[in-house]
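Visitor: This is the structure I have questions about; it appears just below.
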Amino acid sequence: MAVGQGIAIGVASALASAACTAAWIAWARRRNVVDAPGQRRLHATATPRGGGIGMAVVALALLGWLAWSGADLRAAGLFAGVACAAGIGLLDDLFAPSSAIKLLGQCAAATAIAWALPWPAADAPGYALAFAWVLVLVNFWNFMDGSNGIVALQTLVVAAALAVLLGASGAAGIAIGVAAACLGFLPFNLPRARVFMGDTGSHVLGAMVAILTLWALREGRANPYQVLVLLSAFLLDAGLTLAKRIVQGRRFWRAHREHLYQWAVRRGHSHARVCLAYAAWAILCAWIALGWGARGATEGAVGVLAVGLAGTATWVVLRRHWLRRDTRMDAST
């Protein structure tokens with residue numbers, strides 16, 4: 001892919017995302033498609049939701065162009081998978097269906113994407129791993145979408161790093177488009193949220209990150225260690241929070257405010273500050289992943305362990321600090 005083509009994809013994607021987001025805000029306000037403040041939410045005013053429709057349109061346009069230009073059935077499978085992810089997300093933003101229907105739509109998306117881009121393993125295990133990977137990322141991206149800008153900026157950093165890893169391939173153009181679409185959305189969501197991306201956006205971005213990482217793995221442009229390090233900010237926060245709720249016997253599938261980023265905002269840190277802190281971690285991890293090169297499995301495992309331990313220690317220490325502060329505040333009232 002030529003540099004000029006990459007720039008054109010980026011500019012067009014950013015402008016299309018911004019235009020669709022602005023149009024959606026006007027429509028959502030007229031139709032009262034808004035998130036009201038509540039006990040499990042971090043915002044104080046009613047805000048339109050579903051603004052991720054612009055990023056979804058860009059992602060589907062990019063995958064549709066890929067499928068049409070290459071006449072590739074598997075590219076059509078990727079389009080179908082992301083369309084399922086966008087559709088079930090939009091359905092949730094507009095009508096709030098049951099958890100079972102939502103999971104069914106996510107499974108349909110994961111099935112299509114896994115068929116098109118199985119994990120680089122033999123036969124059935126490759127499809128099963130890809131299915132699980134897509135399902136995990138779609139849900140983790142959805143869990144982490146609770147603070148202004150955090151998911152869009154995190155995806156921008158990850159997609160940009162994956163564009164570098166993917167080199168001059170067509171997949172790199174898709175990664176550039178995804179990153180640019182996030183850039184086009186961010187002014188509407190950070191530092192003040194005029195719209196939330198909703199499940200439409202978080203589902204699509206999670207699915208696109210899954211697609212791009214699977215692509216990089218299958219083409220030998222990245223190894224699993226690089227991918228785990230690159231995505232560690234969300235994998236650690238969502239994974240550790242989910243594990244803690246499961247161990248405690250809580251209903252882990254229910255909405256809550258127990259992720260580290262949610263504790264940070266509740267303890268007085270601004271949405272922008274929290275968003276930039278997560279982005280800084282992602283940029284550091286992108287630098288590590290991009291500089292990894294063709295290191296062996298032993299070095300990769302050690303690197304993942306080091307990043308994982310550092311991230312886990314940060315999660316535990318900060319959560320305990322904010323929890324103690326919360327307890328002191330409760331005791332003083």
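Labels for the structure tokens follow display order: chains A, B, ..., residues from 1 in each chain, ligands from 1.
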Could you give me, as a ChimeraX atom specification, the residues within 7 Å of Leu156 in chain A, counting only C-alpha atoms and dropping anything in the same chain fewer than 4 positions from it?
Guide: /A:152,160,179,182-183
Visitor: Please dump the current selection as a PDB file, in the first residue's frame; keep N, CA and C atoms.
Guide:
```
ATOM      1  N   ALA A 152     -12.114   4.740  22.421  1.00  0.00           N
ATOM      2  CA  ALA A 152     -11.710   5.276  21.115  1.00  0.00           C
ATOM      3  C   ALA A 152     -10.209   5.540  21.062  1.00  0.00           C
ATOM      4  N   ALA A 160      -3.100   1.856  15.208  1.00  0.00           N
ATOM      5  CA  ALA A 160      -1.924   2.478  14.600  1.00  0.00           C
ATOM      6  C   ALA A 160      -0.708   1.557  14.712  1.00  0.00           C
ATOM      7  N   ALA A 179      -8.107   3.439  12.915  1.00  0.00           N
ATOM      8  CA  ALA A 179      -7.490   4.459  13.767  1.00  0.00           C
ATOM      9  C   ALA A 179      -8.035   5.846  13.439  1.00  0.00           C
ATOM     10  N   CYS A 182     -11.590   6.432  14.718  1.00  0.00           N
ATOM     11  CA  CYS A 182     -11.568   6.762  16.149  1.00  0.00           C
ATOM     12  C   CYS A 182     -11.183   8.225  16.356  1.00  0.00           C
ATOM     13  N   LEU A 183     -10.227   8.696  15.570  1.00  0.00           N
ATOM     14  CA  LEU A 183      -9.809  10.100  15.650  1.00  0.00           C
ATOM     15  C   LEU A 183     -10.960  11.035  15.296  1.00  0.00           C
TER      16      LEU A 183
END
```
Visitor: Which is closer to Leu214 in chain A than all the others in A:Gly300, A:Pro120, A:Gly177, A:Pro191, using only C-alpha atoms?
Guide: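 Nearest candidate to Leu214 in chain A out of A:Gly300, A:Pro120, A:Gly177, A:Pro191: A:Pro120.
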Visitor: Find the residues near Ala163 in chain A: any atom within 12 Å, counting only C-alpha atoms, skip ones fewer than 2 places away on the same chain, and give them as a VMD selection string.
Guide: chain A and resid 1 6 10 155 to 161 165 to 180 209 212 to 213 215 to 216 221 to 222 286 290
Visitor: List the neighbours of Leu78 in chain A out to 10 Å using only C-alpha atoms; skip same-chain residues closer than 2 positions along the sequence, and give me the result as a list in words.
Guide: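 In the requested format, the answer is Leu60, Leu63, Gly64, Leu66, Ala67, Leu73, Arg74, Ala75, Ala76, Ala80, Gly81, Val82, Ala83, Cys84, Ala109, Ala110, Thr111, Ala112, Ile113, Ala114, Trp115, Ala116, Leu117, Ala207, Met208 and Ile211 of chain A.
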Visitor: Give me every alpha helix (DSSP H) residue in range 49-129 of chain A, going by DSSP on the backbone, as number ranges by chain.
Guide: A: 53-70, 73-95, 99-116, 123-129
Visitor: Between A:Leu228, A:Gly105, A:Ala128, A:Gln262, which one has atoms that come closest to Leu323 in chain A, using only C-alpha atoms?
Guide: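 With only C-alpha atoms as the atom set, the closest residue is A:Gln262.
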Visitor: Quick one: residues within 10 Å of Trp292 in chain A, only C-alpha atoms counted, chain neighbours fewer than 2 positions away excluded, as JSON, numbers by chain?
Guide: {"A": [222, 223, 225, 226, 286, 287, 288, 289, 290, 294, 295, 296, 299, 300, 303]}
Visitor: Could you save those same residues with N, CA and C atoms as a PDB file, in the first residue's frame?
Guide:
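Generated file (again05.pdb):
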```pdb
ATOM      1  N   ALA A 222       3.174 -10.558  13.480  1.00  0.00           N
ATOM      2  CA  ALA A 222       3.238 -10.414  14.933  1.00  0.00           C
ATOM      3  C   ALA A 222       3.122 -11.796  15.544  1.00  0.00           C
ATOM      4  N   ASN A 223       3.588 -11.925  16.774  1.00  0.00           N
ATOM      5  CA  ASN A 223       3.410 -13.185  17.502  1.00  0.00           C
ATOM      6  C   ASN A 223       2.447 -12.944  18.663  1.00  0.00           C
ATOM      7  N   TYR A 225       2.763 -13.031  21.780  1.00  0.00           N
ATOM      8  CA  TYR A 225       3.307 -12.238  22.880  1.00  0.00           C
ATOM      9  C   TYR A 225       3.177 -10.745  22.590  1.00  0.00           C
ATOM     10  N   GLN A 226       3.492 -10.367  21.362  1.00  0.00           N
ATOM     11  CA  GLN A 226       3.339  -8.953  20.981  1.00  0.00           C
ATOM     12  C   GLN A 226       1.890  -8.501  21.101  1.00  0.00           C
ATOM     13  N   ALA A 286       2.881  -0.439  23.010  1.00  0.00           N
ATOM     14  CA  ALA A 286       3.061  -0.467  21.559  1.00  0.00           C
ATOM     15  C   ALA A 286       4.537  -0.345  21.208  1.00  0.00           C
ATOM     16  N   TRP A 287       5.251   0.520  21.922  1.00  0.00           N
ATOM     17  CA  TRP A 287       6.688   0.678  21.703  1.00  0.00           C
ATOM     18  C   TRP A 287       7.417  -0.637  21.991  1.00  0.00           C
ATOM     19  N   ILE A 288       7.026  -1.309  23.057  1.00  0.00           N
ATOM     20  CA  ILE A 288       7.630  -2.601  23.393  1.00  0.00           C
ATOM     21  C   ILE A 288       7.317  -3.626  22.304  1.00  0.00           C
ATOM     22  N   ALA A 289       6.041  -3.705  21.906  1.00  0.00           N
ATOM     23  CA  ALA A 289       5.630  -4.699  20.914  1.00  0.00           C
ATOM     24  C   ALA A 289       6.289  -4.460  19.563  1.00  0.00           C
ATOM     25  N   LEU A 290       6.372  -3.200  19.131  1.00  0.00           N
ATOM     26  CA  LEU A 290       6.974  -2.890  17.839  1.00  0.00           C
ATOM     27  C   LEU A 290       8.472  -3.148  17.846  1.00  0.00           C
ATOM     28  N   ALA A 294      11.662 -10.347  15.988  1.00  0.00           N
ATOM     29  CA  ALA A 294      11.482 -11.799  15.889  1.00  0.00           C
ATOM     30  C   ALA A 294      12.092 -12.520  17.080  1.00  0.00           C
ATOM     31  N   ARG A 295      11.911 -11.968  18.261  1.00  0.00           N
ATOM     32  CA  ARG A 295      12.459 -12.617  19.458  1.00  0.00           C
ATOM     33  C   ARG A 295      11.785 -13.958  19.675  1.00  0.00           C
ATOM     34  N   GLY A 296      12.496 -14.843  20.352  1.00  0.00           N
ATOM     35  CA  GLY A 296      12.014 -16.197  20.555  1.00  0.00           C
ATOM     36  C   GLY A 296      10.905 -16.299  21.588  1.00  0.00           C
ATOM     37  N   GLU A 299      11.902 -15.317  25.348  1.00  0.00           N
ATOM     38  CA  GLU A 299      11.927 -13.870  25.581  1.00  0.00           C
ATOM     39  C   GLU A 299      10.516 -13.290  25.555  1.00  0.00           C
ATOM     40  N   GLY A 300       9.684 -13.815  24.648  1.00  0.00           N
ATOM     41  CA  GLY A 300       8.309 -13.328  24.559  1.00  0.00           C
ATOM     42  C   GLY A 300       7.519 -13.622  25.820  1.00  0.00           C
ATOM     43  N   GLY A 303       8.639 -11.349  28.577  1.00  0.00           N
ATOM     44  CA  GLY A 303       8.121  -9.999  28.383  1.00  0.00           C
ATOM     45  C   GLY A 303       6.657  -9.887  28.769  1.00  0.00           C
TER      46      GLY A 303
END
```
Visitor: Between A:Phe95, A:Ile88, A:Gly201, A:Pro125, single out the one closest to Asn142 in chain A, counting only C-alpha atoms.
Guide: A:Gly201
Visitor: Skip range 184-187 of chain A itself and residues of its chain fewer than 4 positions away, then list as a list in words all residues within 8 Å of it, counting only C-alpha atoms.
Guide: Ser13, Ala14, Leu15, Ala16, Ser17, Ala18, Thr21, Gly52, Gly54, Met55, Gly149, Ala152, Leu153, Ala180 and Pro191 of chain A
Visitor: Would you work out the distance separating CA of Gln154 in chain A from CA of Thr314 in chain A, expressed in Å to one decimal?
Guide: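 Those two atoms sit 18.1 Å apart.
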Visitor: Tell me which protein, DNA and RNA residues are within 9 Å of Ala210 in chain A, counting only C-alpha atoms, leaving out same-chain ones fewer than 6 positions away, and put them as a ChimeraX atom specification.
Guide: /A:113,130,133-138
Visitor: Export, as a PDB file, in the first residue's frame, the selected residues with N, CA and C atoms.
Guide:
```
ATOM      1  N   ILE A 113     -16.285 -14.233  11.789  1.00  0.00           N
ATOM      2  CA  ILE A 113     -14.897 -13.754  11.774  1.00  0.00           C
ATOM      3  C   ILE A 113     -13.928 -14.918  11.935  1.00  0.00           C
ATOM      4  N   ALA A 130      -9.998 -18.591  17.560  1.00  0.00           N
ATOM      5  CA  ALA A 130     -10.400 -17.310  16.963  1.00  0.00           C
ATOM      6  C   ALA A 130     -11.781 -16.905  17.453  1.00  0.00           C
ATOM      7  N   TRP A 133     -11.404 -15.636  20.935  1.00  0.00           N
ATOM      8  CA  TRP A 133     -10.669 -14.364  20.918  1.00  0.00           C
ATOM      9  C   TRP A 133     -11.592 -13.205  20.542  1.00  0.00           C
ATOM     10  N   VAL A 134     -12.402 -13.399  19.508  1.00  0.00           N
ATOM     11  CA  VAL A 134     -13.333 -12.345  19.082  1.00  0.00           C
ATOM     12  C   VAL A 134     -14.347 -12.073  20.191  1.00  0.00           C
ATOM     13  N   LEU A 135     -14.894 -13.120  20.765  1.00  0.00           N
ATOM     14  CA  LEU A 135     -15.909 -12.955  21.802  1.00  0.00           C
ATOM     15  C   LEU A 135     -15.335 -12.220  23.018  1.00  0.00           C
ATOM     16  N   VAL A 136     -14.106 -12.552  23.393  1.00  0.00           N
ATOM     17  CA  VAL A 136     -13.466 -11.884  24.530  1.00  0.00           C
ATOM     18  C   VAL A 136     -13.243 -10.406  24.233  1.00  0.00           C
ATOM     19  N   LEU A 137     -12.679 -10.086  23.074  1.00  0.00           N
ATOM     20  CA  LEU A 137     -12.371  -8.686  22.783  1.00  0.00           C
ATOM     21  C   LEU A 137     -13.628  -7.838  22.614  1.00  0.00           C
ATOM     22  N   VAL A 138     -14.656  -8.373  21.982  1.00  0.00           N
ATOM     23  CA  VAL A 138     -15.902  -7.621  21.840  1.00  0.00           C
ATOM     24  C   VAL A 138     -16.465  -7.281  23.220  1.00  0.00           C
TER      25      VAL A 138
END
```
Visitor: Looking at A:Leu217, A:Val151, A:Leu236, A:Ala121, which one is nearest to Asp199 in chain A, with distances taken over only C-alpha atoms?
Guide: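 Closest candidate: A:Val151.
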